[in-house]
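The file protein22.pdb comes next; it holds PDB, C-alpha atoms.
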ATOM      1  CA  MET A  24      90.164  90.957 163.410
ATOM      2  CA  ASN A  25      88.944  92.892 166.433
ATOM      3  CA  LYS A  26      85.608  94.642 166.126
ATOM      4  CA  ILE A  27      85.198  97.512 168.586
ATOM      5  CA  PHE A  28      81.736  98.796 169.451
ATOM      6  CA  VAL A  29      81.569 102.602 169.273
ATOM      7  CA  CYS A  30      77.931 103.591 169.720
ATOM      8  CA  ASN A  31      74.545 103.415 168.029
ATOM      9  CA  ILE A  32      74.609 105.458 164.820
ATOM     10  CA  ASP A  33      71.978 107.898 166.092
ATOM     11  CA  GLU A  34      74.252 108.765 169.050
ATOM     12  CA  LEU A  35      76.928 110.359 166.842
ATOM     13  CA  ALA A  36      75.371 113.430 165.254
ATOM     14  CA  GLU A  37      76.420 114.804 161.872
ATOM     15  CA  GLY A  38      79.473 117.017 162.227
ATOM     16  CA  GLU A  39      80.484 115.460 165.548
ATOM     17  CA  ALA A  40      83.394 113.296 166.689
ATOM     18  CA  LEU A  41      83.876 110.759 169.441
ATOM     19  CA  LYS A  42      87.010 109.457 171.157
ATOM     20  CA  VAL A  43      87.070 105.687 171.750
ATOM     21  CA  ASP A  44      89.682 104.102 174.032
ATOM     22  CA  CYS A  45      90.971 100.848 172.564
ATOM     23  CA  GLY A  46      94.541  99.866 173.591
ATOM     24  CA  ILE A  47      95.094  97.613 170.558
ATOM     25  CA  ASN A  48      98.335  97.361 168.545
ATOM     26  CA  GLY A  49      99.918 100.304 170.366
ATOM     27  CA  ILE A  50      96.976 102.603 169.648
ATOM     28  CA  ASP A  51      95.528 104.100 172.809
ATOM     29  CA  ALA A  52      92.413 105.691 171.292
ATOM     30  CA  LEU A  53      90.513 106.161 168.038
ATOM     31  CA  ALA A  54      88.677 109.197 166.721
ATOM     32  CA  VAL A  55      85.345 108.461 165.046
ATOM     33  CA  PHE A  56      83.661 111.099 162.885
ATOM     34  CA  ASN A  57      80.242 111.613 161.307
ATOM     35  CA  SER A  58      80.861 113.734 158.237
ATOM     36  CA  GLN A  59      77.695 114.408 156.249
ATOM     37  CA  GLY A  60      76.220 111.050 157.274
ATOM     38  CA  ASN A  61      79.396 109.084 156.517
ATOM     39  CA  PHE A  62      81.395 107.534 159.337
ATOM     40  CA  PHE A  63      85.200 107.491 159.514
ATOM     41  CA  ALA A  64      87.744 106.258 162.066
ATOM     42  CA  MET A  65      91.412 107.087 162.564
ATOM     43  CA  ASN A  66      94.077 106.996 165.237
ATOM     44  CA  ASP A  67      93.135 109.730 167.708
ATOM     45  CA  ARG A  68      96.721 111.013 167.899
ATOM     46  CA  CYS A  69      97.905 113.576 165.353
ATOM     47  CA  SER A  70     100.950 112.376 163.392
ATOM     48  CA  HIS A  71     102.637 115.749 163.956
ATOM     49  CA  GLY A  72     102.227 116.103 167.709
ATOM     50  CA  ASN A  73     100.424 114.985 170.836
ATOM     51  CA  ALA A  74      96.945 116.225 169.942
ATOM     52  CA  SER A  75      93.576 114.459 170.065
ATOM     53  CA  MET A  76      92.017 114.432 166.599
ATOM     54  CA  SER A  77      88.563 113.852 168.107
ATOM     55  CA  GLU A  78      88.908 117.391 169.483
ATOM     56  CA  GLY A  79      89.757 118.720 166.016
ATOM     57  CA  TYR A  80      87.629 120.735 163.623
ATOM     58  CA  LEU A  81      85.595 118.744 161.132
ATOM     59  CA  GLU A  82      85.536 120.483 157.743
ATOM     60  CA  ASP A  83      82.924 120.210 154.954
ATOM     61  CA  ASP A  84      85.595 119.011 152.500
ATOM     62  CA  GLY A  85      86.036 115.642 154.252
ATOM     63  CA  THR A  86      89.004 116.654 156.371
ATOM     64  CA  VAL A  87      89.691 117.192 160.054
ATOM     65  CA  GLU A  88      91.932 119.971 161.344
ATOM     66  CA  CYS A  89      94.237 119.280 164.268
ATOM     67  CA  PRO A  90      93.203 121.416 167.267
ATOM     68  CA  LEU A  91      96.816 122.371 168.074
ATOM     69  CA  HIS A  92      98.552 123.405 164.870
ATOM     70  CA  ALA A  93      96.023 123.538 162.001
ATOM     71  CA  ALA A  94      97.333 120.553 160.039
ATOM     72  CA  ARG A  95      94.476 118.931 158.090
ATOM     73  CA  PHE A  96      93.990 115.235 157.372
ATOM     74  CA  CYS A  97      91.724 113.385 154.929
ATOM     75  CA  LEU A  98      89.092 111.447 156.887
ATOM     76  CA  LYS A  99      88.992 108.654 154.293
ATOM     77  CA  SER A 100      92.719 108.022 153.777
ATOM     78  CA  GLY A 101      94.393 109.746 156.735
ATOM     79  CA  LYS A 102      96.657 111.627 154.313
ATOM     80  CA  ALA A 103      98.227 114.841 155.628
ATOM     81  CA  MET A 104      96.780 117.635 153.480
ATOM     82  CA  CYS A 105      98.951 120.558 154.612
ATOM     83  CA  MET A 106     101.907 121.578 156.714
ATOM     84  CA  PRO A 107     103.097 121.288 159.386
ATOM     85  CA  ALA A 108     102.078 117.601 159.172
ATOM     86  CA  THR A 109     103.677 115.402 156.525
ATOM     87  CA  ASP A 110     102.904 111.890 157.813
ATOM     88  CA  PRO A 111      99.451 110.326 157.470
ATOM     89  CA  ILE A 112      97.265 109.151 160.338
ATOM     90  CA  GLN A 113      96.251 105.486 160.288
ATOM     91  CA  THR A 114      92.600 104.937 159.364
ATOM     92  CA  PHE A 115      90.328 101.977 160.062
ATOM     93  CA  PRO A 116      87.232 100.452 158.450
ATOM     94  CA  VAL A 117      83.886 101.386 159.978
ATOM     95  CA  VAL A 118      81.079  98.821 159.939
ATOM     96  CA  ILE A 119      77.398  99.394 160.677
ATOM     97  CA  GLU A 120      75.395  96.406 161.903
ATOM     98  CA  ASP A 121      71.850  96.671 163.246
ATOM     99  CA  ASP A 122      72.184 100.468 163.667
ATOM    100  CA  ALA A 123      75.378 100.024 165.731
ATOM    101  CA  LEU A 124      78.730 101.492 164.715
ATOM    102  CA  TYR A 125      81.877  99.332 164.951
ATOM    103  CA  ILE A 126      85.533  99.793 164.018
ATOM    104  CA  GLU A 127      87.535  96.887 162.607
ATOM    105  CA  MET A 128      91.156  96.571 163.732
ATOM    106  CA  ALA A 129      93.707  93.836 162.986
ATOM    107  CA  GLY A 130      95.241  92.118 165.967
TER     108      GLY A 130
END
Go ahead and render the structure in this file as structure tokens.
Amino acid sequence: MNKIFVCNIDELAEGEALKVDCGINGIDALAVFNSQGNFFAMNDRCSHGNASMSEGYLEDDGTVECPLHAARFCLKSGKAMCMPATDPIQTFPVVIEDDALYIEMAG
């Protein structure tokens, strides 16, 4: 299991997102979100097109909207919530240790 350091938890404000380059298992980057004090991580690439999810619009209902075509995805599960996307985005566990934020990835 690879554990990737993201940032200290106080460096990712509520309602904000961060792109993290990783290059593991064919994933170039991850999007990390702070949604109402909860942290989530997913593949940074939209499943519908070549868009960065870290540049998307974080919604109060626990979803993120793709910045290119308005598809929404559940932050917790990665499930596509509306068209035009139908495929989910891969999500990853987030771990907090000593006020630092990490993402766990297999491989």
Selection result of the PyMOL selection byres ((chain A and resi 116) around 8) on this file, as number ranges by chain: A: 63-64, 114-115, 117-118, 126-128
Decode the PyMOL selection byres ((chain A and resi 41-58) around 10) for the given file into explicit residues and return them as a ChimeraX atom specification. /A:25,27-30,32,34-40,59-68,75-79,81-87,98,113-115,117,124-126,128-130
Output C-alpha atoms for every residue in that selection, as a JSON list (two decimals), keeping the file's coordinate frame.
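Written output follows (out_7.json):
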[["chain", "number", "residue", "atom", "x", "y", "z"],
["A", 25, "ASN", "CA", 88.94, 92.89, 166.43],
["A", 27, "ILE", "CA", 85.20, 97.51, 168.59],
["A", 28, "PHE", "CA", 81.74, 98.80, 169.45],
["A", 29, "VAL", "CA", 81.57, 102.60, 169.27],
["A", 30, "CYS", "CA", 77.93, 103.59, 169.72],
["A", 32, "ILE", "CA", 74.61, 105.46, 164.82],
["A", 34, "GLU", "CA", 74.25, 108.76, 169.05],
["A", 35, "LEU", "CA", 76.93, 110.36, 166.84],
["A", 36, "ALA", "CA", 75.37, 113.43, 165.25],
["A", 37, "GLU", "CA", 76.42, 114.80, 161.87],
["A", 38, "GLY", "CA", 79.47, 117.02, 162.23],
["A", 39, "GLU", "CA", 80.48, 115.46, 165.55],
["A", 40, "ALA", "CA", 83.39, 113.30, 166.69],
["A", 59, "GLN", "CA", 77.69, 114.41, 156.25],
["A", 60, "GLY", "CA", 76.22, 111.05, 157.27],
["A", 61, "ASN", "CA", 79.40, 109.08, 156.52],
["A", 62, "PHE", "CA", 81.40, 107.53, 159.34],
["A", 63, "PHE", "CA", 85.20, 107.49, 159.51],
["A", 64, "ALA", "CA", 87.74, 106.26, 162.07],
["A", 65, "MET", "CA", 91.41, 107.09, 162.56],
["A", 66, "ASN", "CA", 94.08, 107.00, 165.24],
["A", 67, "ASP", "CA", 93.14, 109.73, 167.71],
["A", 68, "ARG", "CA", 96.72, 111.01, 167.90],
["A", 75, "SER", "CA", 93.58, 114.46, 170.06],
["A", 76, "MET", "CA", 92.02, 114.43, 166.60],
["A", 77, "SER", "CA", 88.56, 113.85, 168.11],
["A", 78, "GLU", "CA", 88.91, 117.39, 169.48],
["A", 79, "GLY", "CA", 89.76, 118.72, 166.02],
["A", 81, "LEU", "CA", 85.60, 118.74, 161.13],
["A", 82, "GLU", "CA", 85.54, 120.48, 157.74],
["A", 83, "ASP", "CA", 82.92, 120.21, 154.95],
["A", 84, "ASP", "CA", 85.60, 119.01, 152.50],
["A", 85, "GLY", "CA", 86.04, 115.64, 154.25],
["A", 86, "THR", "CA", 89.00, 116.65, 156.37],
["A", 87, "VAL", "CA", 89.69, 117.19, 160.05],
["A", 98, "LEU", "CA", 89.09, 111.45, 156.89],
["A", 113, "GLN", "CA", 96.25, 105.49, 160.29],
["A", 114, "THR", "CA", 92.60, 104.94, 159.36],
["A", 115, "PHE", "CA", 90.33, 101.98, 160.06],
["A", 117, "VAL", "CA", 83.89, 101.39, 159.98],
["A", 124, "LEU", "CA", 78.73, 101.49, 164.72],
["A", 125, "TYR", "CA", 81.88, 99.33, 164.95],
["A", 126, "ILE", "CA", 85.53, 99.79, 164.02],
["A", 128, "MET", "CA", 91.16, 96.57, 163.73],
["A", 129, "ALA", "CA", 93.71, 93.84, 162.99],
["A", 130, "GLY", "CA", 95.24, 92.12, 165.97]]
Taking the file as shown, find all residues satisfying the PyMOL selection byres ((chain A and resi 93) around 10) and write them as an mmCIF file with C-alpha atoms, keeping the file's coordinate frame.
data_model
loop_
_atom_site.group_PDB
_atom_site.id
_atom_site.type_symbol
_atom_site.label_atom_id
_atom_site.label_comp_id
_atom_site.auth_asym_id
_atom_site.auth_seq_id
_atom_site.Cartn_x
_atom_site.Cartn_y
_atom_site.Cartn_z
ATOM 1 C CA GLY A 79 89.757 118.720 166.016
ATOM 2 C CA TYR A 80 87.629 120.735 163.623
ATOM 3 C CA VAL A 87 89.691 117.192 160.054
ATOM 4 C CA GLU A 88 91.932 119.971 161.344
ATOM 5 C CA CYS A 89 94.237 119.280 164.268
ATOM 6 C CA PRO A 90 93.203 121.416 167.267
ATOM 7 C CA LEU A 91 96.816 122.371 168.074
ATOM 8 C CA HIS A 92 98.552 123.405 164.870
ATOM 9 C CA ALA A 94 97.333 120.553 160.039
ATOM 10 C CA ARG A 95 94.476 118.931 158.090
ATOM 11 C CA PHE A 96 93.990 115.235 157.372
ATOM 12 C CA CYS A 105 98.951 120.558 154.612
ATOM 13 C CA MET A 106 101.907 121.578 156.714
ATOM 14 C CA PRO A 107 103.097 121.288 159.386
ATOM 15 C CA ALA A 108 102.078 117.601 159.172
#
Expressed in Å, the length from atom CA of A:Ile119 to atom CA of A:Gly101 is 20.3 Å
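Going from atom CA of A:Ile112 to atom CA of A:Gly72 covers 11.3 Å.
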One-decimal distance in Å that lies between atom CA of A:Asp122 and atom CA of A:Asn31: 5.8 Å
